[in-house]
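This report concerns only the one structure given below.
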Amino acid sequence: MKKVRTIQVGASIFEENDSVARANMQVLKERGVFCVNVMGSPGSGKTALLERSVKALLDKGIRTAVIEGDINGSLDGERLAVLGIPVVQVNTGGACHMDANMVRKGMEMLGPDKIDILFIENVGNLVCPAEFRLGEDVSVIVSSVPEGEEKPLKYPLMFRISSLCILNKSDLLEFTGFKIERFREYLFESASGIDLILLSARTGEGMNGWMDFLARGMDKKKSPRIVVAGMGDRMKGDDGAGCEVVEMLKKERLDGNVSVIDAGNAIENYLGVISKMKPGRVIIIDAVDFGGRPGDARFLDAASLVENTSSTHTFSLPLIIEHIRRETGAECLILGIQPERISFSHEISLPARQGVSKAVGMIREIISKP
Amino acid sequence: MHEMSLVSCLMAILEDTRKKKKNITSFLAINITINPYSCINEESLNFAFSVMCRDNPVYSRARILVSRSGDPVSREFLLDSVEVEINEEGQNDTGRRKHL
């Protein structure tokens with residue numbers, strides 16, 4: 001007898017690509033290479049930008065390499081190879097985007113030469129490349145004045161997943177009706193956290209800002225970004241201890257490489273923000289009943305949380321940790337504070353307050369280590 | 001635009017599901033969730049799907065149903081569930097056996 005059934009699957013269709021991207025990221029991390037995925041429409045000036053960038057970086061003694069992605073031909077790769085840097089031309093054979101496996105092969109072809117920055121020039125396209133992770137540290141979208149102001153509204157995903165928008169061909173502004181304020185408005189409407197640099201790869205205008213961006217990226221790569229996220233419900237007494245730690249840390253003068261997030265009782269709402277920061281380490285602070293004395297603070301193993309303790313929240317903290325690890329490759333630490341009471345109250349008990357102070361000290365110690 | 005390559009990945013997961021649940025006789029609906037800003041087109045996805053499995057009767061009645069939700073930055077593309085026709089007289093429903 002035949003029957004109709006629903007089977008829950010819950011699998012990511014990008015998983016195969018994403019696992020290779022994570023492996024690429026790991027290899028680059030081990031080599032200390034800062035990887036930039038350069039995307040944009042055909043003719044936006046990606047190759048011209050790279051030509052000028054490679055020259056400027058060489059002058060500073062920074063070694064670069066390029067994986068050049070095109071559907072067909074090697075013109076762009078040849079333009080860059082004459083600068084004397086390692087270039088691998090990848091032809092996607094009709095595919096409208098590069099995927100992680102193409103980048104893996106490109107990295108193999110580049111070999112073990114020491115480089116500081118790997119540029120991936122993606123296929124000229126504002127749609128498909130946005131969907132595929134490659135193992136990059138940052139994605140940069142190159143838009144250009146002749147394309148018009150409305151691209152961020154028409155292709156929002158591309159701008160949302162990018163850390164930086166370079167508006168190229170600024171030297172043409174005076175010859176077009178391009179309205180920079182309108183572009184800004186559309187850009188920040190589509191992608192509120194993105195940075196914008198106005199640049200001309202032809203004249204060199206705006207190159208300093210771009211070079212600073214790359215320098216900051218390299219510094220962060222050497223010293224991985226730390227995200228400290230406090231979670232808990234301030235309406236439930238000691239459950240707000242994690243948020244209280246964050247509140248105290250915010251008052252301190254922290255290293256620029258440390259970001260502090262008050263995630264309240266919905267850390268899942270911040271997973272996208274955390275992923276975008278590309279952290280090397282994530283510390284989550286929460287009130288957790290790990291069987292200690294009220295006010296104890298200790299680092300906990302996610303696995304032990306499942307078996308031996310219960311989080312004070314209804315969702316699974318190990319699941320959140322797993323997601324962050326999968327998305328960023330970051331090391332994740334859980335700093336638990338043993339609560340005395342979880343009940344309807346704005347007050348944190350004295351023992352839990354002591355736990356908050358201990359936790360702040362423990363985080364300070366971690367942050368101060370190289 | 002790249003629906004064909006995505007369908008190829010989707011097919012691999014569906015075939016894996018079919019191997020695990022050996023008494024599936026037909027796929028009826030394939031429910032996926034896509035990032036709200038993804039440019040993947042449902043019709044193109046179904047077209048690519050019909051092309052890729054046109055010689056396979058197990059998929060002849062199947063249709064991909066797309067819902068758009070999730071974190072707009074996450075590039076999400078999930079196969080949530082499949083609606084299938086199964087032969088209950090057949091054997092090897094590994095899920096049920098495990099349960100029993």
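As shown in the structure tokens, the chain order sets the letters A, B, ...; within each chain, residues go from 1, and ligands are also counted from 1 in the order they appear.
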**Report entry** Long-range neighbours of Glu88 of chain B as a PyMOL selection string, 8 Å cut-off, only C-alpha atoms, 3 positions minimum in chain
**Finding:** (chain A and resi 1-3) or (chain B and resi 23+91)
Within segment 200-300 of chain A, find each residue whose DSSP state, derived from the backbone, is strand (DSSP E), and express the selection as an mmCIF file with C-alpha atoms, in the first residue's frame.
data_model
loop_
_atom_site.group_PDB
_atom_site.id
_atom_site.type_symbol
_atom_site.label_atom_id
_atom_site.label_comp_id
_atom_site.auth_asym_id
_atom_site.auth_seq_id
_atom_site.Cartn_x
_atom_site.Cartn_y
_atom_site.Cartn_z
ATOM 1 C CA ILE A 226 37.754 38.350 19.403
ATOM 2 C CA VAL A 227 34.002 38.631 19.851
ATOM 3 C CA VAL A 228 32.653 38.634 23.398
ATOM 4 C CA ALA A 229 28.902 38.027 23.552
ATOM 5 C CA GLY A 230 26.927 38.168 26.762
ATOM 6 C CA MET A 231 23.551 36.494 26.820
ATOM 7 C CA VAL A 258 37.777 43.008 20.447
ATOM 8 C CA SER A 259 34.049 43.406 19.823
ATOM 9 C CA VAL A 260 31.531 43.203 22.608
ATOM 10 C CA ILE A 261 27.905 42.261 22.000
ATOM 11 C CA ASP A 262 24.976 42.289 24.413
ATOM 12 C CA ALA A 263 22.920 39.520 22.836
ATOM 13 C CA GLY A 264 20.191 39.524 25.479
ATOM 14 C CA ARG A 281 37.707 33.512 18.774
ATOM 15 C CA VAL A 282 34.215 33.889 20.195
ATOM 16 C CA ILE A 283 33.551 33.989 23.929
ATOM 17 C CA ILE A 284 29.954 33.503 25.008
ATOM 18 C CA ILE A 285 29.079 34.375 28.589
ATOM 19 C CA ASP A 286 25.931 32.963 30.084
ATOM 20 C CA ALA A 287 24.400 32.018 33.384
ATOM 21 C CA VAL A 288 24.720 28.255 33.384
ATOM 22 C CA ASP A 289 23.900 25.716 36.042
ATOM 23 C CA ALA A 297 32.778 31.299 36.868
ATOM 24 C CA ARG A 298 34.453 28.808 34.603
ATOM 25 C CA PHE A 299 35.040 27.926 30.999
ATOM 26 C CA LEU A 300 32.837 25.077 29.879
#
Report task. Define the interface residues of chain A facing chain B as those within 7 Å, counting only C-alpha atoms, and report them as a ChimeraX atom specification. Result -> /A:1-14,96,127-128,131,156-157,160-161,272
Report task. Could you find all residues in chain B that DSSP calls alpha helix (DSSP H) from the backbone, and write them as a ChimeraX atom specification? Result -> /B:3-20,42-52,94-99
Query raised in the report: If you count only C-alpha atoms, which residues fall within 6 Å of Ile71 of chain A, apart from same-chain ones fewer than 3 positions away, as a ChimeraX atom specification?
Result: /A:91-94
Query raised in the report: Do you know which residues are at most 12 Å from segment 212-215 of chain A counting only C-alpha atoms, after dropping those on the same chain fewer than 2 positions away, and could you put them as a VMD selection string?
Result: chain A and resid 33 to 36 53 to 54 56 to 57 60 62 64 116 to 119 137 to 140 163 to 166 195 to 197 206 to 210 217 to 222
Please, could you write that set of residues out with C-alpha atoms as a short mmCIF file (atom, residue, chain, number, x, y, z; two decimals), in the first residue's frame?
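And here's part_5.cif as it stands now:
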data_model
loop_
_atom_site.label_atom_id
_atom_site.label_comp_id
_atom_site.auth_asym_id
_atom_site.auth_seq_id
_atom_site.Cartn_x
_atom_site.Cartn_y
_atom_site.Cartn_z
CA VAL A 33 47.36 34.96 4.25
CA PHE A 34 44.66 37.63 4.12
CA CYS A 35 42.20 36.68 1.38
CA VAL A 36 39.99 39.18 -0.44
CA SER A 53 46.79 47.74 -5.78
CA VAL A 54 49.43 45.13 -6.53
CA ALA A 56 51.19 49.93 -4.48
CA LEU A 57 51.48 46.89 -2.20
CA LYS A 60 55.30 48.61 0.58
CA ILE A 62 53.65 43.33 0.70
CA THR A 64 50.37 39.40 -3.25
CA ASP A 116 50.56 38.26 2.46
CA ILE A 117 47.39 38.92 0.48
CA LEU A 118 45.54 36.62 -1.89
CA PHE A 119 43.10 38.40 -4.18
CA ASP A 137 38.36 36.79 4.85
CA VAL A 138 36.45 39.64 3.30
CA SER A 139 34.31 40.25 0.26
CA VAL A 140 34.64 43.53 -1.61
CA SER A 163 32.39 44.30 3.98
CA LEU A 164 33.45 47.08 1.65
CA CYS A 165 32.03 48.77 -1.42
CA ILE A 166 34.53 50.48 -3.69
CA ASP A 195 32.05 50.67 4.31
CA LEU A 196 32.32 52.83 1.21
CA ILE A 197 35.44 54.11 -0.54
CA GLY A 206 40.96 56.97 -2.89
CA MET A 207 43.78 54.42 -2.94
CA ASN A 208 44.94 55.39 0.56
CA GLY A 209 41.61 54.36 2.06
CA TRP A 210 41.78 51.04 0.22
CA GLY A 217 42.71 43.22 7.34
CA MET A 218 46.26 41.90 7.45
CA ASP A 219 46.65 43.06 11.05
CA LYS A 220 43.43 41.35 12.03
CA LYS A 221 44.58 38.20 10.31
CA LYS A 222 47.75 38.16 12.37
#
Could you list, as a PDB file with C-alpha atoms, in the first residue's frame, every residue within 9 Å of Ser74 of chain A, counting only C-alpha atoms and ignoring same-chain residues fewer than 5 positions away?
ATOM      1  CA  GLU A  68      41.724  35.244 -11.602  1.00  0.00           C
ATOM      2  CA  GLY A  69      38.287  33.916 -12.449  1.00  0.00           C
ATOM      3  CA  ARG A  79      47.556  41.874 -17.314  1.00  0.00           C
ATOM      4  CA  GLN A  89      43.910  31.947 -14.267  1.00  0.00           C
ATOM      5  CA  VAL A  90      40.788  29.883 -13.610  1.00  0.00           C
ATOM      6  CA  ASN A  91      38.289  29.441 -16.403  1.00  0.00           C
TER       7      ASN A  91
END
Report task. Skip Asp76 of chain A itself and residues of its chain fewer than 4 positions away, then list as a ChimeraX atom specification all residues within 12 Å of it, counting only C-alpha atoms. Result -> /A:42-43,45-51,66-72,80-83,87-91,121-124
Query raised in the report: Do you know which residues are at most 9 Å from segment 350-363 of chain A counting only C-alpha atoms, after dropping those on the same chain fewer than 4 positions away, and could you put them as a PyMOL selection string?
Result: chain A and resi 228+238+241-242+244-246+248-249+283+285+287+293-298+335-341+367-368
Filtering to N, CA and C atoms, could you give me those residues as a PDB file, in the first residue's frame?
ATOM      1  N   VAL A 228      33.157  39.023  22.079  1.00  0.00           N
ATOM      2  CA  VAL A 228      32.653  38.634  23.398  1.00  0.00           C
ATOM      3  C   VAL A 228      31.154  38.906  23.408  1.00  0.00           C
ATOM      4  N   ASP A 238      19.577  36.417  38.149  1.00  0.00           N
ATOM      5  CA  ASP A 238      20.954  36.045  37.805  1.00  0.00           C
ATOM      6  C   ASP A 238      21.139  35.654  36.351  1.00  0.00           C
ATOM      7  N   ALA A 241      23.401  37.780  34.179  1.00  0.00           N
ATOM      8  CA  ALA A 241      24.827  37.938  34.522  1.00  0.00           C
ATOM      9  C   ALA A 241      25.712  38.096  33.284  1.00  0.00           C
ATOM     10  N   GLY A 242      25.416  37.326  32.240  1.00  0.00           N
ATOM     11  CA  GLY A 242      26.219  37.410  31.004  1.00  0.00           C
ATOM     12  C   GLY A 242      26.162  38.808  30.411  1.00  0.00           C
ATOM     13  N   GLU A 244      25.504  41.499  32.070  1.00  0.00           N
ATOM     14  CA  GLU A 244      26.170  42.412  33.007  1.00  0.00           C
ATOM     15  C   GLU A 244      27.685  42.436  32.756  1.00  0.00           C
ATOM     16  N   VAL A 245      28.262  41.281  32.435  1.00  0.00           N
ATOM     17  CA  VAL A 245      29.693  41.213  32.119  1.00  0.00           C
ATOM     18  C   VAL A 245      29.993  42.109  30.921  1.00  0.00           C
ATOM     19  N   VAL A 246      29.143  41.987  29.910  1.00  0.00           N
ATOM     20  CA  VAL A 246      29.324  42.785  28.697  1.00  0.00           C
ATOM     21  C   VAL A 246      29.202  44.269  29.010  1.00  0.00           C
ATOM     22  N   MET A 248      29.959  45.750  31.754  1.00  0.00           N
ATOM     23  CA  MET A 248      31.190  46.192  32.411  1.00  0.00           C
ATOM     24  C   MET A 248      32.338  46.313  31.407  1.00  0.00           C
ATOM     25  N   LEU A 249      32.413  45.353  30.482  1.00  0.00           N
ATOM     26  CA  LEU A 249      33.501  45.381  29.483  1.00  0.00           C
ATOM     27  C   LEU A 249      33.379  46.595  28.571  1.00  0.00           C
ATOM     28  N   ILE A 283      33.786  34.352  22.523  1.00  0.00           N
ATOM     29  CA  ILE A 283      33.551  33.989  23.929  1.00  0.00           C
ATOM     30  C   ILE A 283      32.095  34.307  24.249  1.00  0.00           C
ATOM     31  N   ILE A 285      29.229  34.388  27.129  1.00  0.00           N
ATOM     32  CA  ILE A 285      29.079  34.375  28.589  1.00  0.00           C
ATOM     33  C   ILE A 285      27.605  34.194  28.903  1.00  0.00           C
ATOM     34  N   ALA A 287      24.665  32.651  32.095  1.00  0.00           N
ATOM     35  CA  ALA A 287      24.400  32.018  33.384  1.00  0.00           C
ATOM     36  C   ALA A 287      24.071  30.555  33.117  1.00  0.00           C
ATOM     37  N   ARG A 293      29.302  26.368  42.865  1.00  0.00           N
ATOM     38  CA  ARG A 293      28.727  27.228  43.909  1.00  0.00           C
ATOM     39  C   ARG A 293      28.248  28.512  43.257  1.00  0.00           C
ATOM     40  N   PRO A 294      27.172  29.109  43.737  1.00  0.00           N
ATOM     41  CA  PRO A 294      26.706  30.365  43.146  1.00  0.00           C
ATOM     42  C   PRO A 294      27.838  31.388  43.090  1.00  0.00           C
ATOM     43  N   GLY A 295      28.035  31.952  41.920  1.00  0.00           N
ATOM     44  CA  GLY A 295      29.104  32.948  41.746  1.00  0.00           C
ATOM     45  C   GLY A 295      30.367  32.351  41.142  1.00  0.00           C
ATOM     46  N   ASP A 296      30.433  31.028  41.028  1.00  0.00           N
ATOM     47  CA  ASP A 296      31.583  30.423  40.340  1.00  0.00           C
ATOM     48  C   ASP A 296      31.545  30.816  38.868  1.00  0.00           C
ATOM     49  N   ALA A 297      32.710  31.012  38.305  1.00  0.00           N
ATOM     50  CA  ALA A 297      32.778  31.299  36.868  1.00  0.00           C
ATOM     51  C   ALA A 297      33.823  30.374  36.271  1.00  0.00           C
ATOM     52  N   ARG A 298      33.473  29.693  35.238  1.00  0.00           N
ATOM     53  CA  ARG A 298      34.453  28.808  34.603  1.00  0.00           C
ATOM     54  C   ARG A 298      34.155  28.593  33.127  1.00  0.00           C
ATOM     55  N   LEU A 335      31.832  30.817  28.700  1.00  0.00           N
ATOM     56  CA  LEU A 335      32.164  31.184  30.067  1.00  0.00           C
ATOM     57  C   LEU A 335      30.867  31.181  30.873  1.00  0.00           C
ATOM     58  N   GLY A 336      30.745  30.193  31.733  1.00  0.00           N
ATOM     59  CA  GLY A 336      29.516  30.049  32.509  1.00  0.00           C
ATOM     60  C   GLY A 336      29.640  30.692  33.878  1.00  0.00           C
ATOM     61  N   ILE A 337      28.566  31.332  34.315  1.00  0.00           N
ATOM     62  CA  ILE A 337      28.498  31.872  35.684  1.00  0.00           C
ATOM     63  C   ILE A 337      27.385  31.122  36.400  1.00  0.00           C
ATOM     64  N   GLN A 338      27.751  30.527  37.522  1.00  0.00           N
ATOM     65  CA  GLN A 338      26.750  29.742  38.264  1.00  0.00           C
ATOM     66  C   GLN A 338      25.755  30.685  38.953  1.00  0.00           C
ATOM     67  N   PRO A 339      24.487  30.608  38.594  1.00  0.00           N
ATOM     68  CA  PRO A 339      23.504  31.512  39.214  1.00  0.00           C
ATOM     69  C   PRO A 339      23.093  31.027  40.603  1.00  0.00           C
ATOM     70  N   GLU A 340      22.621  31.971  41.412  1.00  0.00           N
ATOM     71  CA  GLU A 340      22.023  31.571  42.692  1.00  0.00           C
ATOM     72  C   GLU A 340      20.525  31.374  42.523  1.00  0.00           C
ATOM     73  N   ARG A 341      19.909  32.337  41.843  1.00  0.00           N
ATOM     74  CA  ARG A 341      18.472  32.183  41.603  1.00  0.00           C
ATOM     75  C   ARG A 341      18.094  32.774  40.241  1.00  0.00           C
ATOM     76  N   ILE A 367      42.010  38.334  26.594  1.00  0.00           N
ATOM     77  CA  ILE A 367      42.204  39.393  25.587  1.00  0.00           C
ATOM     78  C   ILE A 367      43.657  39.870  25.570  1.00  0.00           C
ATOM     79  N   SER A 368      44.274  39.905  26.737  1.00  0.00           N
ATOM     80  CA  SER A 368      45.639  40.439  26.813  1.00  0.00           C
ATOM     81  C   SER A 368      46.672  39.479  26.237  1.00  0.00           C
TER      82      SER A 368
END
Query - For atom CA of Asp99 of chain A and atom CA of Pro129 of chain A, the interatomic separation in Å (one decimal) - result: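 Going from atom CA of Asp99 of chain A over to atom CA of Pro129 of chain A covers 8.0 Å.
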